[in-house]
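Visitor: Here it is: the structure, laid out below.
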Amino acid sequence: MNPKSALIIGAGYLGERVADLWVSEGFKLWGTTRRRDRFEAMQARGITPIQYDVRMGGDPLPVADVVLY
């Protein structure tokens, strides 16, 4: 299987580094953050941001081939 999409739960320091690699490999990326003010920086990296707090839950997250948590 050759994954084409990925979800990064907690796209902080480590998640951003992995995102850079996955973007360079052509992945469609989603990433969660608790902070709406991070959306612009995430989008600039190629990550579709989702405001989400794993401790609180919320709307369902996208289905992806790979998940980094």
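We label chains A, B, ... in the order they appear in the structure tokens, count residues from 1 in each chain, and number ligands from 1 in the order shown.
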Wanna dump the segment 39-60 of chain A-segment 14-17 of chain A contacts at 9 Å for me, each residue with its shortest atom pair and the distance in Å to one decimal, counting only C-alpha atoms, ordered by chain and number, as a Markdown table?
Guide:
```
| residue | atom | partner | partner_atom | distance |
| --- | --- | --- | --- | --- |
| A:Met42 | CA | A:Glu16 | CA | 8.1 |
| A:Arg45 | CA | A:Glu16 | CA | 7.9 |
| A:Ile47 | CA | A:Glu16 | CA | 8.8 |
```
Visitor: DSSP says strand (DSSP E or B) for which residues of chain A? Put them as a list in words?
Guide: Ser5, Ala6, Leu7, Ile8, Lys28, Leu29, Trp30, Gly31, Thr32, Thr33, Ile47, Thr48, Pro49, Ile50, Gln51, Asp53, Gly57, Val66, Val67 and Leu68 of chain A
Visitor: Please provide as a list in words all residues within 12 Å of Phe39 of chain A, with the sequence filter that same-chain residues fewer than 3 positions apart are discarded (counting only C-alpha atoms).
Guide: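 Using only C-alpha atoms, the neighbours found are Ala11, Gly12, Trp30, Gly31, Thr32, Thr33, Arg34, Arg35, Arg36, Met42, Gln43, Ala44, Arg45, Gly46, Ile47, Thr48, Pro49, Ile50, Gln51 and Tyr52 of chain A.
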Visitor: What is the distance, in Å and to one decimal place, between atom CA of Pro60 of chain A and atom CA of Ser5 of chain A?
Guide: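 Interatomic distance, atom CA of Pro60 of chain A to atom CA of Ser5 of chain A: 16.2 Å.
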Visitor: Between atom CA of Ala19 of chain A and atom CA of Ala6 of chain A, what is the distance, to one decimal in Å?
Guide: 8.8 Å
Visitor: Separation of atom CA of Lys4 of chain A and atom CA of Leu21 of chain A, in Å?
Guide: 12.8 Å
Visitor: Determine which residues of chain A DSSP labels as helix (DSSP H, G or I) from the backbone of this structure, then write them out as a PDB file with all heavy atoms, in the first residue's frame.
Guide:
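File part.pdb, as written:
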```pdb
ATOM      1  N   TYR A  13       5.742  20.611  17.354  1.00  0.00           N
ATOM      2  CA  TYR A  13       7.151  20.547  16.956  1.00  0.00           C
ATOM      3  C   TYR A  13       7.466  19.308  16.118  1.00  0.00           C
ATOM      4  O   TYR A  13       7.948  19.412  15.001  1.00  0.00           O
ATOM      5  CB  TYR A  13       8.043  20.585  18.204  1.00  0.00           C
ATOM      6  CG  TYR A  13       9.502  20.483  17.880  1.00  0.00           C
ATOM      7  CD1 TYR A  13      10.212  21.605  17.434  1.00  0.00           C
ATOM      8  CD2 TYR A  13      10.175  19.276  17.978  1.00  0.00           C
ATOM      9  CE1 TYR A  13      11.548  21.511  17.107  1.00  0.00           C
ATOM     10  CE2 TYR A  13      11.524  19.184  17.656  1.00  0.00           C
ATOM     11  CZ  TYR A  13      12.199  20.301  17.219  1.00  0.00           C
ATOM     12  OH  TYR A  13      13.531  20.208  16.888  1.00  0.00           O
ATOM     13  N   LEU A  14       7.183  18.131  16.629  1.00  0.00           N
ATOM     14  CA  LEU A  14       7.477  16.904  15.894  1.00  0.00           C
ATOM     15  C   LEU A  14       6.566  16.755  14.683  1.00  0.00           C
ATOM     16  O   LEU A  14       7.014  16.413  13.584  1.00  0.00           O
ATOM     17  CB  LEU A  14       7.335  15.684  16.801  1.00  0.00           C
ATOM     18  CG  LEU A  14       7.541  14.328  16.118  1.00  0.00           C
ATOM     19  CD1 LEU A  14       8.943  14.227  15.533  1.00  0.00           C
ATOM     20  CD2 LEU A  14       7.277  13.201  17.091  1.00  0.00           C
ATOM     21  N   GLY A  15       5.289  17.036  14.859  1.00  0.00           N
ATOM     22  CA  GLY A  15       4.335  16.896  13.767  1.00  0.00           C
ATOM     23  C   GLY A  15       4.683  17.744  12.560  1.00  0.00           C
ATOM     24  O   GLY A  15       4.514  17.320  11.419  1.00  0.00           O
ATOM     25  N   GLU A  16       5.191  18.944  12.790  1.00  0.00           N
ATOM     26  CA  GLU A  16       5.575  19.815  11.679  1.00  0.00           C
ATOM     27  C   GLU A  16       6.752  19.241  10.894  1.00  0.00           C
ATOM     28  O   GLU A  16       6.799  19.350   9.681  1.00  0.00           O
ATOM     29  CB  GLU A  16       5.906  21.217  12.181  1.00  0.00           C
ATOM     30  CG  GLU A  16       4.674  21.997  12.587  1.00  0.00           C
ATOM     31  CD  GLU A  16       4.998  23.392  13.059  1.00  0.00           C
ATOM     32  OE1 GLU A  16       6.183  23.684  13.357  1.00  0.00           O
ATOM     33  OE2 GLU A  16       4.062  24.200  13.152  1.00  0.00           O
ATOM     34  N   ARG A  17       7.688  18.633  11.576  1.00  0.00           N
ATOM     35  CA  ARG A  17       8.833  18.041  10.878  1.00  0.00           C
ATOM     36  C   ARG A  17       8.407  16.855  10.023  1.00  0.00           C
ATOM     37  O   ARG A  17       8.850  16.679   8.903  1.00  0.00           O
ATOM     38  CB  ARG A  17       9.921  17.620  11.869  1.00  0.00           C
ATOM     39  CG  ARG A  17      10.873  18.752  12.158  1.00  0.00           C
ATOM     40  CD  ARG A  17      10.479  19.480  13.406  1.00  0.00           C
ATOM     41  NE  ARG A  17      11.164  20.748  13.538  1.00  0.00           N
ATOM     42  CZ  ARG A  17      10.512  21.866  13.825  1.00  0.00           C
ATOM     43  NH1 ARG A  17       9.214  21.890  13.937  1.00  0.00           N
ATOM     44  NH2 ARG A  17      11.177  22.988  13.984  1.00  0.00           N
ATOM     45  N   VAL A  18       7.523  16.032  10.559  1.00  0.00           N
ATOM     46  CA  VAL A  18       6.999  14.903   9.794  1.00  0.00           C
ATOM     47  C   VAL A  18       6.162  15.426   8.626  1.00  0.00           C
ATOM     48  O   VAL A  18       6.245  14.915   7.507  1.00  0.00           O
ATOM     49  CB  VAL A  18       6.179  13.959  10.700  1.00  0.00           C
ATOM     50  CG1 VAL A  18       5.503  12.872   9.885  1.00  0.00           C
ATOM     51  CG2 VAL A  18       7.076  13.354  11.776  1.00  0.00           C
ATOM     52  N   ALA A  19       5.371  16.467   8.867  1.00  0.00           N
ATOM     53  CA  ALA A  19       4.554  17.060   7.800  1.00  0.00           C
ATOM     54  C   ALA A  19       5.420  17.522   6.637  1.00  0.00           C
ATOM     55  O   ALA A  19       5.067  17.310   5.474  1.00  0.00           O
ATOM     56  CB  ALA A  19       3.733  18.227   8.350  1.00  0.00           C
ATOM     57  N   ASP A  20       6.548  18.158   6.930  1.00  0.00           N
ATOM     58  CA  ASP A  20       7.442  18.610   5.855  1.00  0.00           C
ATOM     59  C   ASP A  20       7.877  17.441   4.973  1.00  0.00           C
ATOM     60  O   ASP A  20       7.884  17.543   3.746  1.00  0.00           O
ATOM     61  CB  ASP A  20       8.668  19.317   6.439  1.00  0.00           C
ATOM     62  CG  ASP A  20       8.337  20.642   7.100  1.00  0.00           C
ATOM     63  OD1 ASP A  20       7.253  21.197   6.848  1.00  0.00           O
ATOM     64  OD2 ASP A  20       9.189  21.131   7.883  1.00  0.00           O
ATOM     65  N   LEU A  21       8.206  16.325   5.594  1.00  0.00           N
ATOM     66  CA  LEU A  21       8.610  15.135   4.847  1.00  0.00           C
ATOM     67  C   LEU A  21       7.444  14.616   4.008  1.00  0.00           C
ATOM     68  O   LEU A  21       7.593  14.331   2.817  1.00  0.00           O
ATOM     69  CB  LEU A  21       9.104  14.056   5.802  1.00  0.00           C
ATOM     70  CG  LEU A  21       9.423  12.703   5.180  1.00  0.00           C
ATOM     71  CD1 LEU A  21      10.600  12.805   4.223  1.00  0.00           C
ATOM     72  CD2 LEU A  21       9.699  11.673   6.262  1.00  0.00           C
ATOM     73  N   TRP A  22       6.274  14.487   4.637  1.00  0.00           N
ATOM     74  CA  TRP A  22       5.117  13.948   3.923  1.00  0.00           C
ATOM     75  C   TRP A  22       4.652  14.854   2.791  1.00  0.00           C
ATOM     76  O   TRP A  22       4.250  14.375   1.735  1.00  0.00           O
ATOM     77  CB  TRP A  22       3.990  13.646   4.899  1.00  0.00           C
ATOM     78  CG  TRP A  22       4.218  12.394   5.699  1.00  0.00           C
ATOM     79  CD1 TRP A  22       5.123  11.407   5.457  1.00  0.00           C
ATOM     80  CD2 TRP A  22       3.525  11.981   6.875  1.00  0.00           C
ATOM     81  NE1 TRP A  22       5.033  10.414   6.405  1.00  0.00           N
ATOM     82  CE2 TRP A  22       4.064  10.740   7.283  1.00  0.00           C
ATOM     83  CE3 TRP A  22       2.499  12.541   7.632  1.00  0.00           C
ATOM     84  CZ2 TRP A  22       3.602  10.052   8.398  1.00  0.00           C
ATOM     85  CZ3 TRP A  22       2.045  11.858   8.750  1.00  0.00           C
ATOM     86  CH2 TRP A  22       2.588  10.622   9.128  1.00  0.00           C
ATOM     87  N   VAL A  23       4.709  16.166   2.991  1.00  0.00           N
ATOM     88  CA  VAL A  23       4.342  17.091   1.912  1.00  0.00           C
ATOM     89  C   VAL A  23       5.289  16.883   0.732  1.00  0.00           C
ATOM     90  O   VAL A  23       4.856  16.839  -0.428  1.00  0.00           O
ATOM     91  CB  VAL A  23       4.362  18.559   2.398  1.00  0.00           C
ATOM     92  CG1 VAL A  23       4.371  19.527   1.226  1.00  0.00           C
ATOM     93  CG2 VAL A  23       3.156  18.840   3.292  1.00  0.00           C
ATOM     94  N   SER A  24       6.566  16.727   1.014  1.00  0.00           N
ATOM     95  CA  SER A  24       7.542  16.525  -0.069  1.00  0.00           C
ATOM     96  C   SER A  24       7.294  15.217  -0.818  1.00  0.00           C
ATOM     97  O   SER A  24       7.706  15.065  -1.963  1.00  0.00           O
ATOM     98  CB  SER A  24       8.979  16.558   0.478  1.00  0.00           C
ATOM     99  OG  SER A  24       9.285  15.378   1.201  1.00  0.00           O
ATOM    100  N   ARG A  36      -6.364  28.212  17.189  1.00  0.00           N
ATOM    101  CA  ARG A  36      -6.784  28.729  15.882  1.00  0.00           C
ATOM    102  C   ARG A  36      -5.727  29.669  15.287  1.00  0.00           C
ATOM    103  O   ARG A  36      -5.602  29.767  14.064  1.00  0.00           O
ATOM    104  CB  ARG A  36      -8.124  29.441  16.025  1.00  0.00           C
ATOM    105  CG  ARG A  36      -8.687  29.910  14.725  1.00  0.00           C
ATOM    106  CD  ARG A  36     -10.130  29.493  14.584  1.00  0.00           C
ATOM    107  NE  ARG A  36     -10.629  29.898  13.285  1.00  0.00           N
ATOM    108  CZ  ARG A  36     -10.931  29.058  12.332  1.00  0.00           C
ATOM    109  NH1 ARG A  36     -10.799  27.769  12.534  1.00  0.00           N
ATOM    110  NH2 ARG A  36     -11.378  29.471  11.177  1.00  0.00           N
ATOM    111  N   ASP A  37      -4.954  30.334  16.133  1.00  0.00           N
ATOM    112  CA  ASP A  37      -3.939  31.266  15.627  1.00  0.00           C
ATOM    113  C   ASP A  37      -2.784  30.551  14.911  1.00  0.00           C
ATOM    114  O   ASP A  37      -1.937  31.191  14.292  1.00  0.00           O
ATOM    115  CB  ASP A  37      -3.405  32.167  16.746  1.00  0.00           C
ATOM    116  CG  ASP A  37      -2.687  31.411  17.850  1.00  0.00           C
ATOM    117  OD1 ASP A  37      -2.999  30.225  18.106  1.00  0.00           O
ATOM    118  OD2 ASP A  37      -1.792  32.008  18.475  1.00  0.00           O
ATOM    119  N   ARG A  38      -2.748  29.231  14.941  1.00  0.00           N
ATOM    120  CA  ARG A  38      -1.711  28.462  14.238  1.00  0.00           C
ATOM    121  C   ARG A  38      -2.134  28.071  12.819  1.00  0.00           C
ATOM    122  O   ARG A  38      -1.346  27.537  12.052  1.00  0.00           O
ATOM    123  CB  ARG A  38      -1.381  27.192  15.024  1.00  0.00           C
ATOM    124  CG  ARG A  38      -0.749  27.530  16.368  1.00  0.00           C
ATOM    125  CD  ARG A  38       0.145  26.457  16.929  1.00  0.00           C
ATOM    126  NE  ARG A  38       1.202  26.122  16.002  1.00  0.00           N
ATOM    127  CZ  ARG A  38       1.340  24.909  15.441  1.00  0.00           C
ATOM    128  NH1 ARG A  38       0.507  23.934  15.714  1.00  0.00           N
ATOM    129  NH2 ARG A  38       2.329  24.665  14.611  1.00  0.00           N
ATOM    130  N   PHE A  39      -3.394  28.317  12.469  1.00  0.00           N
ATOM    131  CA  PHE A  39      -3.911  27.874  11.170  1.00  0.00           C
ATOM    132  C   PHE A  39      -3.079  28.379   9.994  1.00  0.00           C
ATOM    133  O   PHE A  39      -2.739  27.617   9.094  1.00  0.00           O
ATOM    134  CB  PHE A  39      -5.369  28.312  10.992  1.00  0.00           C
ATOM    135  CG  PHE A  39      -6.377  27.377  11.604  1.00  0.00           C
ATOM    136  CD1 PHE A  39      -6.087  26.614  12.722  1.00  0.00           C
ATOM    137  CD2 PHE A  39      -7.639  27.279  11.058  1.00  0.00           C
ATOM    138  CE1 PHE A  39      -7.023  25.766  13.286  1.00  0.00           C
ATOM    139  CE2 PHE A  39      -8.587  26.429  11.607  1.00  0.00           C
ATOM    140  CZ  PHE A  39      -8.278  25.671  12.715  1.00  0.00           C
ATOM    141  N   GLU A  40      -2.755  29.662   9.984  1.00  0.00           N
ATOM    142  CA  GLU A  40      -2.036  30.240   8.842  1.00  0.00           C
ATOM    143  C   GLU A  40      -0.664  29.580   8.659  1.00  0.00           C
ATOM    144  O   GLU A  40      -0.270  29.231   7.538  1.00  0.00           O
ATOM    145  CB  GLU A  40      -1.878  31.747   9.038  1.00  0.00           C
ATOM    146  CG  GLU A  40      -1.376  32.450   7.797  1.00  0.00           C
ATOM    147  CD  GLU A  40      -1.377  33.959   7.959  1.00  0.00           C
ATOM    148  OE1 GLU A  40      -2.356  34.512   8.514  1.00  0.00           O
ATOM    149  OE2 GLU A  40      -0.394  34.576   7.519  1.00  0.00           O
ATOM    150  N   ALA A  41       0.060  29.385   9.744  1.00  0.00           N
ATOM    151  CA  ALA A  41       1.383  28.754   9.661  1.00  0.00           C
ATOM    152  C   ALA A  41       1.265  27.307   9.202  1.00  0.00           C
ATOM    153  O   ALA A  41       2.101  26.827   8.423  1.00  0.00           O
ATOM    154  CB  ALA A  41       2.085  28.825  11.024  1.00  0.00           C
ATOM    155  N   MET A  42       0.238  26.606   9.660  1.00  0.00           N
ATOM    156  CA  MET A  42       0.038  25.217   9.234  1.00  0.00           C
ATOM    157  C   MET A  42      -0.270  25.154   7.745  1.00  0.00           C
ATOM    158  O   MET A  42       0.275  24.317   7.023  1.00  0.00           O
ATOM    159  CB  MET A  42      -1.075  24.574  10.059  1.00  0.00           C
ATOM    160  CG  MET A  42      -0.688  24.354  11.512  1.00  0.00           C
ATOM    161  SD  MET A  42      -2.055  23.788  12.538  1.00  0.00           S
ATOM    162  CE  MET A  42      -2.264  22.109  11.935  1.00  0.00           C
ATOM    163  N   GLN A  43      -1.135  26.044   7.277  1.00  0.00           N
ATOM    164  CA  GLN A  43      -1.487  26.068   5.855  1.00  0.00           C
ATOM    165  C   GLN A  43      -0.260  26.367   5.001  1.00  0.00           C
ATOM    166  O   GLN A  43      -0.091  25.784   3.931  1.00  0.00           O
ATOM    167  CB  GLN A  43      -2.586  27.092   5.603  1.00  0.00           C
ATOM    168  CG  GLN A  43      -3.916  26.654   6.171  1.00  0.00           C
ATOM    169  CD  GLN A  43      -4.953  27.758   6.180  1.00  0.00           C
ATOM    170  OE1 GLN A  43      -4.637  28.940   6.296  1.00  0.00           O
ATOM    171  NE2 GLN A  43      -6.215  27.367   6.067  1.00  0.00           N
ATOM    172  N   ALA A  44       0.612  27.249   5.481  1.00  0.00           N
ATOM    173  CA  ALA A  44       1.836  27.574   4.741  1.00  0.00           C
ATOM    174  C   ALA A  44       2.738  26.350   4.596  1.00  0.00           C
ATOM    175  O   ALA A  44       3.507  26.249   3.645  1.00  0.00           O
ATOM    176  CB  ALA A  44       2.588  28.709   5.447  1.00  0.00           C
TER     177      ALA A  44
END
```
Visitor: Residues within 12 Å of Asp65 of chain A, please, as a PDB file with all heavy atoms, in the first residue's frame. Count only C-alpha atoms; anything in the same chain fewer than 3 positions from it doesn't count.
Guide:
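The file below, result.pdb, is the result:
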```pdb
ATOM      1  N   MET A   1       0.839  -1.179   0.000  1.00  0.00           N
ATOM      2  CA  MET A   1       0.000   0.000   0.000  1.00  0.00           C
ATOM      3  C   MET A   1       0.884   1.242   0.000  1.00  0.00           C
ATOM      4  O   MET A   1       1.840   1.332   0.762  1.00  0.00           O
ATOM      5  CB  MET A   1      -0.894  -0.009   1.237  1.00  0.00           C
ATOM      6  CG  MET A   1      -1.803   1.191   1.318  1.00  0.00           C
ATOM      7  SD  MET A   1      -2.989   0.970   2.656  1.00  0.00           S
ATOM      8  CE  MET A   1      -2.753   2.468   3.530  1.00  0.00           C
ATOM      9  N   ASN A   2       0.562   2.187  -0.835  1.00  0.00           N
ATOM     10  CA  ASN A   2       1.284   3.447  -0.899  1.00  0.00           C
ATOM     11  C   ASN A   2       0.369   4.546  -0.370  1.00  0.00           C
ATOM     12  O   ASN A   2      -0.517   5.008  -1.080  1.00  0.00           O
ATOM     13  CB  ASN A   2       1.713   3.721  -2.342  1.00  0.00           C
ATOM     14  CG  ASN A   2       2.678   4.871  -2.430  1.00  0.00           C
ATOM     15  OD1 ASN A   2       3.144   5.396  -1.431  1.00  0.00           O
ATOM     16  ND2 ASN A   2       2.975   5.272  -3.641  1.00  0.00           N
ATOM     17  N   PRO A   3       0.545   4.985   0.894  1.00  0.00           N
ATOM     18  CA  PRO A   3      -0.362   5.969   1.484  1.00  0.00           C
ATOM     19  C   PRO A   3      -0.347   7.292   0.735  1.00  0.00           C
ATOM     20  O   PRO A   3       0.697   7.731   0.246  1.00  0.00           O
ATOM     21  CB  PRO A   3       0.152   6.146   2.904  1.00  0.00           C
ATOM     22  CG  PRO A   3       1.353   5.310   3.057  1.00  0.00           C
ATOM     23  CD  PRO A   3       1.618   4.605   1.781  1.00  0.00           C
ATOM     24  N   LYS A   4      -1.508   7.908   0.660  1.00  0.00           N
ATOM     25  CA  LYS A   4      -1.649   9.190  -0.036  1.00  0.00           C
ATOM     26  C   LYS A   4      -2.168  10.290   0.868  1.00  0.00           C
ATOM     27  O   LYS A   4      -2.120  11.449   0.511  1.00  0.00           O
ATOM     28  CB  LYS A   4      -2.596   9.044  -1.237  1.00  0.00           C
ATOM     29  CG  LYS A   4      -2.073   8.108  -2.292  1.00  0.00           C
ATOM     30  CD  LYS A   4      -0.838   8.677  -2.933  1.00  0.00           C
ATOM     31  CE  LYS A   4      -0.325   7.742  -3.998  1.00  0.00           C
ATOM     32  NZ  LYS A   4       0.990   8.016  -4.444  1.00  0.00           N
ATOM     33  N   SER A   5      -2.699   9.940   2.038  1.00  0.00           N
ATOM     34  CA  SER A   5      -3.210  10.956   2.947  1.00  0.00           C
ATOM     35  C   SER A   5      -2.762  10.642   4.366  1.00  0.00           C
ATOM     36  O   SER A   5      -2.527   9.488   4.714  1.00  0.00           O
ATOM     37  CB  SER A   5      -4.736  11.024   2.881  1.00  0.00           C
ATOM     38  OG  SER A   5      -5.314   9.809   3.320  1.00  0.00           O
ATOM     39  N   ALA A   6      -2.621  11.704   5.164  1.00  0.00           N
ATOM     40  CA  ALA A   6      -2.169  11.521   6.538  1.00  0.00           C
ATOM     41  C   ALA A   6      -2.855  12.520   7.454  1.00  0.00           C
ATOM     42  O   ALA A   6      -3.176  13.640   7.050  1.00  0.00           O
ATOM     43  CB  ALA A   6      -0.663  11.688   6.635  1.00  0.00           C
ATOM     44  N   LEU A   7      -3.060  12.091   8.678  1.00  0.00           N
ATOM     45  CA  LEU A   7      -3.625  12.926   9.729  1.00  0.00           C
ATOM     46  C   LEU A   7      -2.598  13.001  10.852  1.00  0.00           C
ATOM     47  O   LEU A   7      -2.123  11.967  11.328  1.00  0.00           O
ATOM     48  CB  LEU A   7      -4.931  12.317  10.249  1.00  0.00           C
ATOM     49  CG  LEU A   7      -5.535  12.937  11.508  1.00  0.00           C
ATOM     50  CD1 LEU A   7      -5.939  14.391  11.259  1.00  0.00           C
ATOM     51  CD2 LEU A   7      -6.729  12.119  11.970  1.00  0.00           C
ATOM     52  N   ILE A   8      -2.243  14.220  11.229  1.00  0.00           N
ATOM     53  CA  ILE A   8      -1.315  14.426  12.334  1.00  0.00           C
ATOM     54  C   ILE A   8      -2.113  14.983  13.501  1.00  0.00           C
ATOM     55  O   ILE A   8      -2.658  16.088  13.417  1.00  0.00           O
ATOM     56  CB  ILE A   8      -0.177  15.389  11.952  1.00  0.00           C
ATOM     57  CG1 ILE A   8       0.605  14.827  10.771  1.00  0.00           C
ATOM     58  CG2 ILE A   8       0.728  15.645  13.150  1.00  0.00           C
ATOM     59  CD1 ILE A   8       1.628  15.787  10.193  1.00  0.00           C
ATOM     60  N   PHE A  27       1.809  13.795   0.008  1.00  0.00           N
ATOM     61  CA  PHE A  27       0.653  13.451   0.839  1.00  0.00           C
ATOM     62  C   PHE A  27      -0.333  14.611   0.935  1.00  0.00           C
ATOM     63  O   PHE A  27       0.073  15.770   0.949  1.00  0.00           O
ATOM     64  CB  PHE A  27       1.093  13.135   2.279  1.00  0.00           C
ATOM     65  CG  PHE A  27       1.648  11.762   2.493  1.00  0.00           C
ATOM     66  CD1 PHE A  27       2.842  11.374   1.925  1.00  0.00           C
ATOM     67  CD2 PHE A  27       0.977  10.856   3.294  1.00  0.00           C
ATOM     68  CE1 PHE A  27       3.363  10.114   2.142  1.00  0.00           C
ATOM     69  CE2 PHE A  27       1.486   9.587   3.519  1.00  0.00           C
ATOM     70  CZ  PHE A  27       2.685   9.220   2.937  1.00  0.00           C
ATOM     71  N   LYS A  28      -1.613  14.281   1.033  1.00  0.00           N
ATOM     72  CA  LYS A  28      -2.632  15.236   1.452  1.00  0.00           C
ATOM     73  C   LYS A  28      -2.628  15.166   2.973  1.00  0.00           C
ATOM     74  O   LYS A  28      -2.742  14.082   3.545  1.00  0.00           O
ATOM     75  CB  LYS A  28      -4.006  14.842   0.907  1.00  0.00           C
ATOM     76  CG  LYS A  28      -5.121  15.725   1.414  1.00  0.00           C
ATOM     77  CD  LYS A  28      -6.457  15.304   0.835  1.00  0.00           C
ATOM     78  CE  LYS A  28      -7.602  16.094   1.417  1.00  0.00           C
ATOM     79  NZ  LYS A  28      -7.599  17.502   1.144  1.00  0.00           N
ATOM     80  N   LEU A  29      -2.471  16.321   3.643  1.00  0.00           N
ATOM     81  CA  LEU A  29      -2.304  16.324   5.096  1.00  0.00           C
ATOM     82  C   LEU A  29      -3.384  17.109   5.821  1.00  0.00           C
ATOM     83  O   LEU A  29      -3.775  18.188   5.387  1.00  0.00           O
ATOM     84  CB  LEU A  29      -0.969  16.970   5.480  1.00  0.00           C
ATOM     85  CG  LEU A  29       0.292  16.220   5.186  1.00  0.00           C
ATOM     86  CD1 LEU A  29       1.492  17.034   5.645  1.00  0.00           C
ATOM     87  CD2 LEU A  29       0.305  14.887   5.883  1.00  0.00           C
ATOM     88  N   TRP A  30      -3.810  16.559   6.939  1.00  0.00           N
ATOM     89  CA  TRP A  30      -4.620  17.271   7.916  1.00  0.00           C
ATOM     90  C   TRP A  30      -3.830  17.269   9.208  1.00  0.00           C
ATOM     91  O   TRP A  30      -3.090  16.322   9.496  1.00  0.00           O
ATOM     92  CB  TRP A  30      -5.940  16.566   8.188  1.00  0.00           C
ATOM     93  CG  TRP A  30      -6.858  16.488   7.027  1.00  0.00           C
ATOM     94  CD1 TRP A  30      -7.734  17.448   6.597  1.00  0.00           C
ATOM     95  CD2 TRP A  30      -7.024  15.385   6.135  1.00  0.00           C
ATOM     96  NE1 TRP A  30      -8.415  17.003   5.492  1.00  0.00           N
ATOM     97  CE2 TRP A  30      -7.996  15.739   5.190  1.00  0.00           C
ATOM     98  CE3 TRP A  30      -6.427  14.129   6.038  1.00  0.00           C
ATOM     99  CZ2 TRP A  30      -8.404  14.876   4.180  1.00  0.00           C
ATOM    100  CZ3 TRP A  30      -6.826  13.282   5.023  1.00  0.00           C
ATOM    101  CH2 TRP A  30      -7.800  13.658   4.116  1.00  0.00           C
ATOM    102  N   PRO A  62     -10.970  13.464   9.857  1.00  0.00           N
ATOM    103  CA  PRO A  62     -10.949  12.853   8.542  1.00  0.00           C
ATOM    104  C   PRO A  62     -10.339  11.445   8.560  1.00  0.00           C
ATOM    105  O   PRO A  62      -9.482  11.143   9.370  1.00  0.00           O
ATOM    106  CB  PRO A  62     -10.065  13.784   7.709  1.00  0.00           C
ATOM    107  CG  PRO A  62      -9.787  14.956   8.534  1.00  0.00           C
ATOM    108  CD  PRO A  62     -10.151  14.659   9.941  1.00  0.00           C
ATOM    109  N   LEU A  68      -0.468   9.987  12.617  1.00  0.00           N
ATOM    110  CA  LEU A  68       0.624  10.226  13.570  1.00  0.00           C
ATOM    111  C   LEU A  68       0.004  10.858  14.801  1.00  0.00           C
ATOM    112  O   LEU A  68      -0.657  11.889  14.720  1.00  0.00           O
ATOM    113  CB  LEU A  68       1.676  11.167  12.974  1.00  0.00           C
ATOM    114  CG  LEU A  68       2.779  11.631  13.940  1.00  0.00           C
ATOM    115  CD1 LEU A  68       3.636  10.446  14.380  1.00  0.00           C
ATOM    116  CD2 LEU A  68       3.616  12.705  13.298  1.00  0.00           C
TER     117      LEU A  68
END
```
